[in-house]
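A.B. asks: See structure.txt below, with compact mmCIF, C-alpha atoms.
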```txt
# COMPACT_ATOMS: atom_id res chain seq x y z
CA MET A 1 76.01 171.72 91.48
CA ARG A 2 79.45 173.30 91.66
CA LYS A 3 82.21 171.72 89.60
CA LEU A 4 85.94 172.18 89.94
CA LEU A 5 87.70 172.18 86.58
CA ILE A 6 91.33 171.14 86.82
CA GLN A 7 93.50 171.71 83.78
CA VAL A 8 96.31 169.18 83.31
CA GLY A 9 99.07 168.66 80.75
CA SER A 10 97.58 165.99 78.51
CA VAL A 11 94.77 163.53 78.01
CA THR A 12 96.94 160.90 79.73
CA TYR A 13 97.21 163.01 82.87
CA ALA A 14 93.50 163.81 82.63
CA MET A 15 92.73 160.08 82.58
CA LYS A 16 95.15 159.49 85.44
CA ALA A 17 93.60 162.34 87.45
CA LYS A 18 90.12 160.94 86.83
CA ALA A 19 91.23 157.50 88.05
CA VAL A 20 92.87 158.95 91.18
CA LEU A 21 89.81 161.01 92.04
CA GLN A 22 87.42 158.12 91.46
CA GLN A 23 89.57 155.90 93.68
CA ASN A 24 89.03 158.54 96.36
CA GLY A 25 85.27 158.43 95.99
CA LEU A 26 84.87 161.56 93.88
CA HIS A 27 82.81 161.84 90.72
CA ALA A 28 85.17 163.01 87.99
CA SER A 29 85.11 163.17 84.21
CA VAL A 30 87.51 164.22 81.47
CA ILE A 31 86.61 167.20 79.31
CA LYS A 32 88.34 169.32 76.70
CA THR A 33 89.69 172.51 78.21
CA ALA A 34 87.34 175.33 77.27
CA ASN A 35 89.05 178.62 76.39
CA PRO A 36 92.64 177.39 76.75
CA LYS A 37 95.34 179.98 77.32
CA LYS A 38 96.66 181.62 74.18
CA ASN A 39 100.17 180.20 74.58
CA GLU A 40 99.02 176.65 75.29
CA GLY A 41 96.45 175.66 72.73
CA CYS A 42 94.28 172.59 73.05
CA GLY A 43 94.33 170.46 76.13
CA TYR A 44 92.28 168.50 78.65
CA SER A 45 90.83 169.08 82.09
CA VAL A 46 89.13 167.01 84.75
CA SER A 47 85.76 168.08 86.05
CA VAL A 48 85.08 167.14 89.70
CA GLU A 49 81.61 167.49 91.17
CA ASN A 50 81.42 169.34 94.45
CA PRO A 51 84.74 168.16 95.94
CA GLN A 52 84.90 168.18 99.72
CA VAL A 53 88.60 167.31 99.93
CA ASN A 54 91.83 168.94 98.81
CA VAL A 55 91.83 167.69 95.22
CA ALA A 56 95.11 169.40 94.36
CA ALA A 57 96.92 167.53 97.13
CA LEU A 58 95.49 164.22 95.94
CA LEU A 59 96.69 164.82 92.39
CA GLN A 60 100.09 166.20 93.31
CA ARG A 61 100.72 163.12 95.44
CA GLU A 62 100.40 161.12 92.22
CA ASN A 63 102.80 163.41 90.32
CA ILE A 64 100.05 165.08 88.34
CA ASP A 65 100.93 168.69 87.54
CA ILE A 66 98.00 171.07 87.69
CA LEU A 67 98.13 173.85 85.12
CA GLY A 68 95.15 175.73 86.46
CA THR A 69 91.80 175.43 88.25
CA LYS A 70 88.48 177.21 88.06
CA TRP A 71 84.96 176.76 89.38
CA ALA A 72 81.97 176.20 87.15
CA THR A 73 78.31 175.65 87.80
CA MET B 1 100.66 124.46 60.18
CA ILE B 2 102.76 123.61 63.22
CA TYR B 3 104.10 126.90 64.48
CA PHE B 4 107.41 127.17 66.36
CA ASP B 5 108.38 130.68 65.20
CA ASN B 6 107.00 132.35 68.32
CA ALA B 7 110.26 134.18 69.05
CA ALA B 8 109.55 136.25 65.92
CA THR B 9 105.90 136.80 66.75
CA THR B 10 103.43 134.61 68.60
CA TYR B 11 100.75 132.82 66.62
CA PRO B 12 97.90 132.33 67.05
CA LYS B 13 96.70 135.16 69.27
CA PRO B 14 94.14 134.57 72.01
CA ARG B 15 90.51 134.93 70.92
CA ALA B 16 90.14 137.88 73.30
CA VAL B 17 92.85 139.75 71.36
CA ARG B 18 91.06 139.30 68.05
CA ASP B 19 87.76 140.38 69.65
CA ALA B 20 89.41 143.45 71.19
CA VAL B 21 90.85 144.54 67.85
CA GLU B 22 87.44 144.19 66.24
CA HIS B 23 85.86 146.13 69.11
CA ALA B 24 88.38 148.95 68.61
CA LEU B 25 87.81 149.06 64.87
CA THR B 26 84.06 149.21 65.25
CA ARG B 27 83.59 151.16 68.49
CA LEU B 28 86.76 153.17 69.10
CA GLY B 29 87.24 154.73 65.70
CA ALA B 30 88.15 158.23 66.88
CA ASN B 31 91.55 159.74 67.58
CA PRO B 32 92.39 159.55 71.32
CA GLY B 33 93.70 162.70 72.95
CA ARG B 34 92.56 164.96 70.17
CA GLY B 35 88.82 165.44 70.05
CA GLY B 36 86.31 166.22 72.77
CA HIS B 37 83.47 163.98 71.63
CA LYS B 38 82.20 160.72 73.07
CA MET B 39 84.13 158.30 70.87
CA ALA B 40 87.39 160.25 71.26
CA TYR B 41 87.01 160.01 75.05
CA ALA B 42 86.21 156.31 74.79
CA ALA B 43 89.35 155.71 72.73
CA ALA B 44 91.45 157.74 75.16
CA GLU B 45 89.98 155.82 78.08
CA GLU B 46 90.88 152.52 76.42
CA ILE B 47 94.45 153.63 75.69
CA TYR B 48 94.91 154.81 79.28
CA GLY B 49 93.50 151.50 80.51
CA VAL B 50 96.14 149.60 78.55
CA ARG B 51 98.88 151.92 79.86
CA THR B 52 97.65 151.16 83.38
CA ALA B 53 97.55 147.40 82.71
CA LEU B 54 101.13 147.44 81.39
CA SER B 55 102.33 149.64 84.26
CA GLN B 56 100.87 147.12 86.72
CA PHE B 57 102.14 144.10 84.76
CA PHE B 58 105.74 145.37 84.84
CA ASP B 59 105.39 147.03 88.28
CA LEU B 60 106.35 150.41 86.82
CA GLY B 61 104.09 152.46 89.08
CA ALA B 62 103.41 155.14 86.46
CA PRO B 63 101.02 154.58 83.52
CA GLU B 64 102.20 157.83 81.96
CA ASN B 65 105.69 156.37 81.60
CA VAL B 66 104.45 153.62 79.28
CA ILE B 67 105.31 154.87 75.79
CA PHE B 68 103.59 153.06 72.93
CA THR B 69 105.70 152.25 69.90
CA LYS B 70 105.17 150.13 66.82
CA ASN B 71 107.57 147.43 68.03
CA CYS B 72 110.52 146.75 70.32
CA THR B 73 112.97 148.02 67.68
CA GLU B 74 111.36 151.44 67.66
CA ALA B 75 111.49 151.56 71.45
CA LEU B 76 115.21 150.69 71.39
CA ASN B 77 115.87 153.39 68.80
CA LEU B 78 113.95 155.88 70.96
CA VAL B 79 116.03 155.22 74.02
CA ILE B 80 119.44 154.74 72.36
CA LYS B 81 119.17 157.85 70.20
CA GLY B 82 117.41 159.68 73.01
CA LEU B 83 120.38 159.10 75.32
CA ALA B 84 123.15 159.63 72.74
CA ARG B 85 125.25 162.77 73.09
CA PRO B 86 128.24 163.76 70.95
CA GLY B 87 131.37 161.92 72.06
CA CYS B 88 129.59 159.36 74.22
CA HIS B 89 130.07 155.61 74.35
CA PHE B 90 127.66 152.70 74.80
CA VAL B 91 128.21 149.15 76.04
CA CYS B 92 125.97 146.26 75.02
CA SER B 93 126.34 142.48 75.18
CA ASP B 94 127.76 140.20 72.51
CA LEU B 95 124.32 138.60 72.16
CA GLU B 96 122.41 141.68 71.02
CA HIS B 97 119.89 141.82 68.20
CA ASN B 98 120.45 144.23 65.31
CA ALA B 99 117.71 146.36 66.92
CA VAL B 100 120.44 147.42 69.34
CA THR B 101 123.61 147.12 67.27
CA ARG B 102 122.39 148.87 64.13
CA PRO B 103 121.27 152.06 65.91
CA LEU B 104 124.62 152.03 67.74
CA GLU B 105 126.58 151.47 64.54
CA THR B 106 124.58 154.17 62.75
CA LEU B 107 125.44 156.65 65.50
CA LYS B 108 129.08 155.57 65.24
CA GLN B 109 129.19 156.05 61.48
CA ARG B 110 127.62 159.48 61.88
CA GLY B 111 130.46 160.36 64.24
CA VAL B 112 128.16 160.77 67.23
CA CYS B 113 129.35 158.00 69.52
CA THR B 114 131.30 154.78 69.86
CA TRP B 115 130.20 151.42 71.23
CA GLU B 116 131.49 148.00 72.12
CA ALA B 117 130.03 144.61 72.90
CA ALA B 118 130.89 143.01 76.23
CA ARG B 119 131.66 139.29 76.30
CA THR B 120 129.06 137.24 78.09
CA GLY B 121 130.17 134.25 80.14
CA LYS B 122 128.84 131.00 81.51
CA THR B 123 128.20 132.62 84.89
CA ASP B 124 126.65 135.93 85.92
CA GLU B 125 129.96 136.97 87.45
CA GLU B 126 131.79 136.43 84.15
CA THR B 127 129.14 138.40 82.30
CA VAL B 128 129.19 141.31 84.74
CA ALA B 129 133.01 141.34 84.59
CA GLY B 130 132.78 141.46 80.79
CA PHE B 131 130.61 144.57 80.98
CA GLN B 132 132.75 146.15 83.69
CA ALA B 133 135.81 145.83 81.45
CA CYS B 134 134.10 147.86 78.71
CA ILE B 135 132.91 150.82 80.77
CA ARG B 136 134.74 154.09 80.12
CA LYS B 137 134.52 157.58 81.54
CA ASN B 138 132.29 158.64 78.64
CA THR B 139 129.97 155.60 78.68
CA ALA B 140 126.41 156.93 78.48
CA ALA B 141 124.49 153.71 79.15
CA ILE B 142 124.61 149.93 79.30
CA ILE B 143 122.17 148.17 76.98
CA CYS B 144 121.48 144.47 77.33
CA THR B 145 119.04 141.88 76.11
CA GLY B 146 117.00 139.93 78.64
CA ALA B 147 117.67 136.76 76.66
CA SER B 148 119.35 135.98 73.36
CA ASN B 149 116.79 135.76 70.58
CA VAL B 150 118.88 132.99 69.01
CA PHE B 151 120.14 130.82 71.85
CA GLY B 152 117.74 131.68 74.66
CA LYS B 153 120.50 132.49 77.13
CA ALA B 154 119.16 134.89 79.77
CA LEU B 155 121.40 137.64 81.09
CA PRO B 156 121.55 139.06 84.65
CA LEU B 157 119.63 142.30 84.14
CA GLU B 158 119.43 143.27 87.81
CA LYS B 159 123.16 142.80 88.34
CA LEU B 160 123.95 144.77 85.21
CA ALA B 161 121.56 147.54 86.33
CA ALA B 162 123.46 147.69 89.62
CA LEU B 163 126.76 147.89 87.70
CA ALA B 164 125.42 150.74 85.56
CA HIS B 165 124.21 152.64 88.60
CA ALA B 166 127.56 152.17 90.33
CA HIS B 167 129.01 154.11 87.40
CA GLY B 168 126.20 156.70 87.46
CA ILE B 169 124.74 155.71 84.10
CA PRO B 170 121.33 154.34 83.08
CA PHE B 171 120.63 150.71 82.24
CA VAL B 172 118.51 149.79 79.23
CA ALA B 173 116.93 146.33 78.88
CA ASP B 174 115.71 144.72 75.66
CA LEU B 175 112.83 142.48 76.76
CA ALA B 176 112.04 141.17 73.26
CA GLN B 177 112.25 137.52 74.31
CA THR B 178 111.36 137.80 77.99
CA ALA B 179 108.33 140.11 78.33
CA GLY B 180 105.45 137.86 79.37
CA ILE B 181 107.82 134.91 79.85
CA LEU B 182 110.08 135.90 82.75
CA PRO B 183 108.66 137.97 85.61
CA LEU B 184 109.97 141.51 85.94
CA SER B 185 109.48 144.38 88.35
CA MET B 186 110.75 147.64 86.91
CA ARG B 187 110.87 149.24 90.35
CA LYS B 188 112.75 146.37 92.01
CA SER B 189 115.09 145.49 89.13
CA GLY B 190 116.64 148.93 88.81
CA ILE B 191 116.15 148.90 85.04
CA ASP B 192 115.90 152.51 83.87
CA PHE B 193 114.46 151.92 80.42
CA ALA B 194 112.90 148.70 79.15
CA CYS B 195 111.89 148.03 75.56
CA ALA B 196 109.37 145.33 74.76
CA PRO B 197 107.36 144.07 71.83
CA GLY B 198 103.60 143.80 72.25
CA HIS B 199 103.27 141.00 69.71
CA LYS B 200 105.47 138.28 71.19
CA GLY B 201 105.10 137.06 74.78
CA LEU B 202 102.34 139.57 75.49
CA TYR B 203 100.22 138.18 72.61
CA GLY B 204 99.18 141.55 71.19
CA PRO B 205 98.87 142.25 67.46
CA MET B 206 101.90 142.93 65.29
CA GLY B 207 102.69 146.64 65.12
CA THR B 208 102.66 147.08 68.89
CA GLY B 209 105.52 147.67 71.30
CA MET B 210 106.49 149.84 74.22
CA LEU B 211 109.17 151.75 76.05
CA LEU B 212 108.91 151.69 79.84
CA CYS B 213 110.63 154.67 81.48
CA ASN B 214 111.76 154.29 85.08
CA SER B 215 114.27 157.10 85.13
CA THR B 216 114.48 160.85 85.58
CA VAL B 217 116.98 160.97 82.70
CA ARG B 218 115.19 162.90 79.95
CA LEU B 219 115.19 161.32 76.49
CA GLU B 220 115.66 163.49 73.44
CA THR B 221 112.98 162.90 70.84
CA LEU B 222 113.37 160.69 67.78
CA MET B 223 110.27 162.15 66.15
CA GLU B 224 108.21 165.26 66.73
CA GLY B 225 104.70 166.25 65.72
CA GLY B 226 101.12 166.45 66.86
CA THR B 227 100.46 165.26 70.39
CA GLY B 228 97.07 166.80 71.17
CA ASN B 229 98.48 169.03 73.93
CA PHE B 230 100.24 172.39 74.09
CA SER B 231 99.42 172.81 70.43
CA ALA B 232 100.23 176.53 70.41
CA GLN B 233 103.88 175.73 71.07
CA LEU B 234 106.28 174.94 68.24
CA THR B 235 108.41 172.85 70.57
CA GLN B 236 107.68 169.27 71.56
CA PRO B 237 105.99 168.97 75.00
CA GLU B 238 108.12 167.77 77.90
CA ASN B 239 105.65 165.41 79.52
CA TYR B 240 105.54 161.67 78.89
CA PRO B 241 104.05 159.83 77.12
CA GLU B 242 103.07 162.48 74.57
CA ARG B 243 106.64 163.77 74.24
CA LEU B 244 107.62 160.48 72.64
CA GLU B 245 104.32 159.59 70.93
CA SER B 246 103.80 162.04 68.08
CA GLY B 247 101.02 161.26 65.65
CA THR B 248 97.95 159.06 65.87
CA LEU B 249 98.28 155.96 68.02
CA ASN B 250 97.56 152.42 66.85
CA VAL B 251 94.29 152.18 68.78
CA PRO B 252 93.21 148.75 67.44
CA GLY B 253 96.67 147.32 68.08
CA ILE B 254 96.97 148.78 71.57
CA THR B 255 93.45 147.61 72.45
CA GLY B 256 94.44 144.12 71.31
CA LEU B 257 97.64 144.36 73.31
CA GLY B 258 95.58 145.14 76.41
CA ALA B 259 93.61 141.94 75.87
CA GLY B 260 96.87 140.04 75.36
CA VAL B 261 98.34 141.26 78.64
CA ARG B 262 95.16 140.36 80.47
CA ALA B 263 95.31 136.86 78.92
CA VAL B 264 98.91 136.45 80.08
CA GLN B 265 98.03 137.69 83.58
CA LYS B 266 95.11 135.27 83.74
CA ARG B 267 97.34 132.36 82.76
CA GLY B 268 100.23 133.53 84.95
CA VAL B 269 103.77 134.31 83.79
CA SER B 270 105.23 131.59 85.96
CA GLU B 271 102.87 128.94 84.57
CA ILE B 272 103.58 130.06 81.00
CA TYR B 273 107.33 129.84 81.59
CA THR B 274 107.07 126.41 83.21
CA ARG B 275 104.95 124.97 80.41
CA GLU B 276 107.01 126.42 77.57
CA MET B 277 110.24 125.37 79.27
CA GLN B 278 108.94 121.81 79.58
CA PHE B 279 108.40 121.74 75.83
CA ALA B 280 111.81 123.30 75.15
CA ARG B 281 113.53 120.77 77.44
CA HIS B 282 111.67 117.89 75.83
CA ILE B 283 112.73 119.06 72.36
CA ALA B 284 116.35 119.65 73.43
CA ALA B 285 116.59 116.26 75.10
CA ALA B 286 115.21 114.50 72.03
CA LEU B 287 117.47 116.39 69.62
CA SER B 288 120.54 115.69 71.75
CA HIS B 289 120.18 111.99 70.87
CA VAL B 290 120.14 112.55 67.10
CA PRO B 291 123.66 111.89 65.77
CA ASN B 292 123.51 114.49 62.99
CA VAL B 293 122.09 117.25 65.15
CA GLN B 294 124.22 119.89 66.83
CA LEU B 295 122.40 121.62 69.67
CA TYR B 296 123.64 125.05 70.77
CA THR B 297 121.33 125.71 73.71
CA ASP B 298 122.20 123.80 76.88
CA LEU B 299 119.01 124.13 78.88
CA GLU B 300 120.46 121.88 81.59
CA SER B 301 123.48 124.12 82.25
CA PRO B 302 123.92 124.50 86.01
CA THR B 303 125.18 128.09 85.76
CA GLU B 304 123.00 129.59 83.05
CA ARG B 305 119.32 130.54 82.78
CA PHE B 306 117.28 130.48 79.59
CA ALA B 307 114.16 131.74 77.94
CA PRO B 308 112.20 128.81 76.45
CA LEU B 309 113.77 128.72 72.99
CA LEU B 310 116.64 126.81 71.43
CA SER B 311 118.86 126.65 68.38
CA PHE B 312 120.29 123.69 66.47
CA ASN B 313 121.78 122.65 63.15
CA ILE B 314 121.91 119.44 61.16
CA ARG B 315 125.48 118.66 60.17
CA GLY B 316 126.09 118.95 56.45
CA MET B 317 123.12 121.26 55.89
CA HIS B 318 122.81 125.03 55.98
CA SER B 319 120.24 126.18 58.53
CA GLU B 320 118.15 127.71 55.73
CA GLU B 321 117.98 124.29 54.02
CA VAL B 322 116.71 122.75 57.24
CA GLY B 323 114.18 125.58 57.67
CA ALA B 324 112.93 125.07 54.11
CA ALA B 325 112.69 121.29 54.59
CA LEU B 326 110.66 121.82 57.77
CA ALA B 327 108.42 124.34 55.99
CA ARG B 328 107.69 121.73 53.29
CA ARG B 329 106.52 119.45 56.09
CA GLY B 330 104.26 122.18 57.47
CA VAL B 331 106.52 123.15 60.38
CA ALA B 332 107.25 126.87 60.81
CA VAL B 333 110.61 127.78 62.38
CA ARG B 334 113.14 130.55 61.84
CA ALA B 335 116.47 129.71 60.25
CA GLY B 336 119.46 131.91 59.39
CA LEU B 337 121.02 134.68 61.42
CA HIS B 338 117.87 135.92 63.20
CA CYS B 339 118.99 139.58 62.79
CA ALA B 340 121.62 138.87 65.45
CA VAL B 341 124.98 138.39 63.77
CA LEU B 342 126.83 139.34 66.97
CA ALA B 343 125.23 136.42 68.83
CA HIS B 344 126.05 134.02 66.00
CA LYS B 345 129.68 135.19 66.03
CA ALA B 346 129.80 134.60 69.79
CA TYR B 347 128.59 131.02 69.31
CA GLY B 348 130.61 130.35 66.13
CA THR B 349 127.52 129.94 63.92
CA ALA B 350 127.81 133.06 61.75
CA GLU B 351 128.61 130.99 58.63
CA THR B 352 125.62 128.65 58.70
CA GLY B 353 123.17 130.36 61.00
CA THR B 354 120.98 128.09 63.12
CA VAL B 355 117.45 126.73 63.21
CA ARG B 356 115.48 128.26 66.06
CA ILE B 357 112.52 126.65 67.81
CA CYS B 358 110.28 128.54 70.21
CA PRO B 359 107.01 127.25 71.70
CA SER B 360 104.10 129.37 72.93
CA ILE B 361 101.12 128.97 75.25
CA PHE B 362 99.28 127.36 72.33
CA THR B 363 101.88 124.65 71.67
CA LYS B 364 100.55 121.11 72.13
CA GLU B 365 102.39 117.86 72.76
CA GLN B 366 101.34 116.65 69.32
CA ASP B 367 103.07 119.70 67.77
CA VAL B 368 106.30 118.71 69.51
CA LYS B 369 106.00 115.13 68.26
CA SER B 370 105.41 116.32 64.69
CA LEU B 371 108.36 118.72 64.88
CA LEU B 372 110.69 116.03 66.21
CA ASN B 373 109.56 113.47 63.64
CA SER B 374 110.26 115.99 60.88
CA VAL B 375 113.71 116.85 62.22
CA PHE B 376 114.57 113.15 62.65
CA GLN B 377 113.59 112.48 59.03
CA ILE B 378 115.53 115.45 57.64
CA ALA B 379 118.60 114.53 59.73
CA LYS B 380 118.39 110.93 58.56
CA ASP B 381 118.28 112.01 54.91
CA ALA B 382 121.07 114.56 55.29
```
Output the structure of this file as structure tokens.

C.D. replies:
Amino acid sequence: MRKLLIQVGSVTYAMKAKAVLQQNGLHASVIKTANPKKNEGCGYSVSVENPQVNVAALLQRENIDILGTKWAT
Amino acid sequence: MIYFDNAATTYPKPRAVRDAVEHALTRLGANPGRGGHKMAYAAAEEIYGVRTALSQFFDLGAPENVIFTKNCTEALNLVIKGLARPGCHFVCSDLEHNAVTRPLETLKQRGVCTWEAARTGKTDEETVAGFQACIRKNTAAIICTGASNVFGKALPLEKLAALAHAHGIPFVADLAQTAGILPLSMRKSGIDFACAPGHKGLYGPMGTGMLLCNSTVRLETLMEGGTGNFSAQLTQPENYPERLESGTLNVPGITGLGAGVRAVQKRGVSEIYTREMQFARHIAAALSHVPNVQLYTDLESPTERFAPLLSFNIRGMHSEEVGAALARRGVAVRAGLHCAVLAHKAYGTAETGTVRICPSIFTKEQDVKSLLNSVFQIAKDA
């Protein structure tokens, strides 16, 4: 199953993103960001299983800044 | 013990609060927002859940703008020192706690800013006019208590927020005596920053408090350090709440606070206020008939509103003597200046202080009877 990994600014925003996505019927979980960028250091991401909607739009509507996204399997 | 010192901290706490603290100590023992293991996630989930509960309780609309502190004083320091700029000026009320006046005076003595206390009046209009008269071109913010921690007098926060905004400056509210007692919507009230204890009207453990941010005005930091994010940067992150929450959070305390807020929500703020006010009115009415007693809180005033607490003295006795005499009879109150010398000066009680009585959701009619019997006896012997 494909997963979209969305990197956000903190564990608080990761928890908020998870709540927003779950409220919209998506299966989401918080994970530590694997291989964070050199100038950022540790951080958190939200993993969303096989999203069929525009996840970025959902999160931005709730003032959640997205630092980066990537697909994983 | 018969406990009427609830304005200092509520006691006892609901059973659910004690259970929640124990749950956190036994099941949520990892550092939230740091690790990537199961218990760290569970702790982070719990903390975010309490942020969400507080955001909903105060109608803030943004869990990330709930900043956890160790008490209301720390929250006030965060916002006052976070807003202070060289050469600026602050206005507060003449009923403020030292949690407001000491940070302001410290900044003044360091040559950073000046401040003055506005006179409060019997009506909202008089109070607003008192603040208006103090505002200068360089005023950085208005800071005001929701209710005096000594006399219970509530101040018109929404009207003062409107005054601040008319002058293009933020409004800061000290909710030490009103959080969980008087209903408040951050979004509707116009309050930009609100500081609240977790351990008073919200029934959380001591060592908990919060700053609620409802403003785009960026606060400078009071403390910097590890936040669990952007760790490669030497500078403090910009995003709330981590920007203002360096170091490990008080997970057991915050978990307990979450249970406290849920207990207050279940009971209902309006019902809590009504019940506690009934007790306060009963006590005030009874004390008003005692010849030796001087009551300073007029709960029946047609123009003023009050939080459910009151202050009195027994003529011929220092307030501390009365407090000690009550303590010997097993009644816990707070006597003295209540860390609010400005308020005592405003009411002319700075020499003797006052005896303060504050009920809680756990107060029973029998407690009130015992308190009154003790005061009657002490007044009779005075």

A.B. asks: Extract, using all atoms listed in the file, all DNA, RNA and protein residues at most 6 Å from region 1-5 of chain A, discarding same-chain residues fewer than 4 positions from it, and format them as a ChimeraX atom specification.

C.D. replies: /A:46-50,69-73

A.B. asks: Please tabulate, as CSV, the residues of chain A that come within 6 Å of chain B, each with its closest pair of atoms and the distance in Å to one decimal, counting all atoms listed in the file and ordering rows by chain, then residue number upward.

C.D. replies:
```
residue,atom,partner,partner_atom,distance
A:Ser10,CA,B:Asn229,CA,5.6
A:Val11,CA,B:Gly33,CA,5.2
A:Lys32,CA,B:Gly36,CA,5.4
A:Asn39,CA,B:Ala232,CA,5.6
A:Glu40,CA,B:Phe230,CA,4.6
A:Gly41,CA,B:Ala232,CA,4.5
A:Cys42,CA,B:Asn229,CA,5.6
A:Gly43,CA,B:Asn229,CA,4.9
```

A.B. asks: Please write as a list in words the list of polymer residues whose atoms come within 8 Å of (89.6, 157.1, 83.9), counting all atoms listed in the file and keeping to the coordinates of the file.

C.D. replies: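 Within 8 Å of (89.6, 157.1, 83.9), the protein and nucleic acid residues are Ala14, Met15, Lys16, Ala17, Lys18, Ala19, Gln22, Ser29 and Val30 of chain A; Glu45, Tyr48 and Gly49 of chain B.
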
A.B. asks: Measuring between all atoms listed in the file, which one of B:Gly330, B:Gly152, B:Gly121, B:Gly348 shows the shortest distance to Phe306 (chain B)?

C.D. replies: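 Between B:Gly330, B:Gly152, B:Gly121, B:Gly348, the residue approaching Phe306 (chain B) most closely is B:Gly152.
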
A.B. asks: If you measure from CA of Ile181 (chain B) to CA of Gly201 (chain B), what distance in Å do you get, rounded to one decimal?

C.D. replies: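 Atom-to-atom, CA of Ile181 (chain B) and CA of Gly201 (chain B) are spaced 6.1 Å apart.
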
A.B. asks: Just the residues within 8 Å of region 52-58 of chain A, please, counting only C-alpha atoms, with nothing from its chain fewer than 5 positions along; format it as a ChimeraX atom specification.

C.D. replies: /A:20-21,66

A.B. asks: Any chance you can output those residues with C-alpha atoms as a JSON list (two decimals), in the coordinates of the input?

C.D. replies:
```
[["chain", "number", "residue", "atom", "x", "y", "z"],
["A", 20, "VAL", "CA", 92.87, 158.95, 91.18],
["A", 21, "LEU", "CA", 89.81, 161.01, 92.04],
["A", 66, "ILE", "CA", 98.00, 171.07, 87.69]]
```

A.B. asks: Please indicate the distance in Å from CA of Arg187 (chain B) to CA of Gly204 (chain B), rounded to one decimal place.

C.D. replies: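 About the pair CA of Arg187 (chain B) and CA of Gly204 (chain B): they are 23.7 Å apart.
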
A.B. asks: Hey, what's within 7 Å of Gly247 (chain B) if we count all atoms listed in the file and toss same-chain stuff fewer than 2 positions away? As a PyMOL selection string, please?

C.D. replies: chain B and resi 225-227+245+249

A.B. asks: I'd like the interatomic distance between CA of Ile143 (chain B) and CA of Leu175 (chain B), to a tenth of an Å.

C.D. replies: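 Pair CA of Ile143 (chain B) / CA of Leu175 (chain B) returns 10.9 Å.
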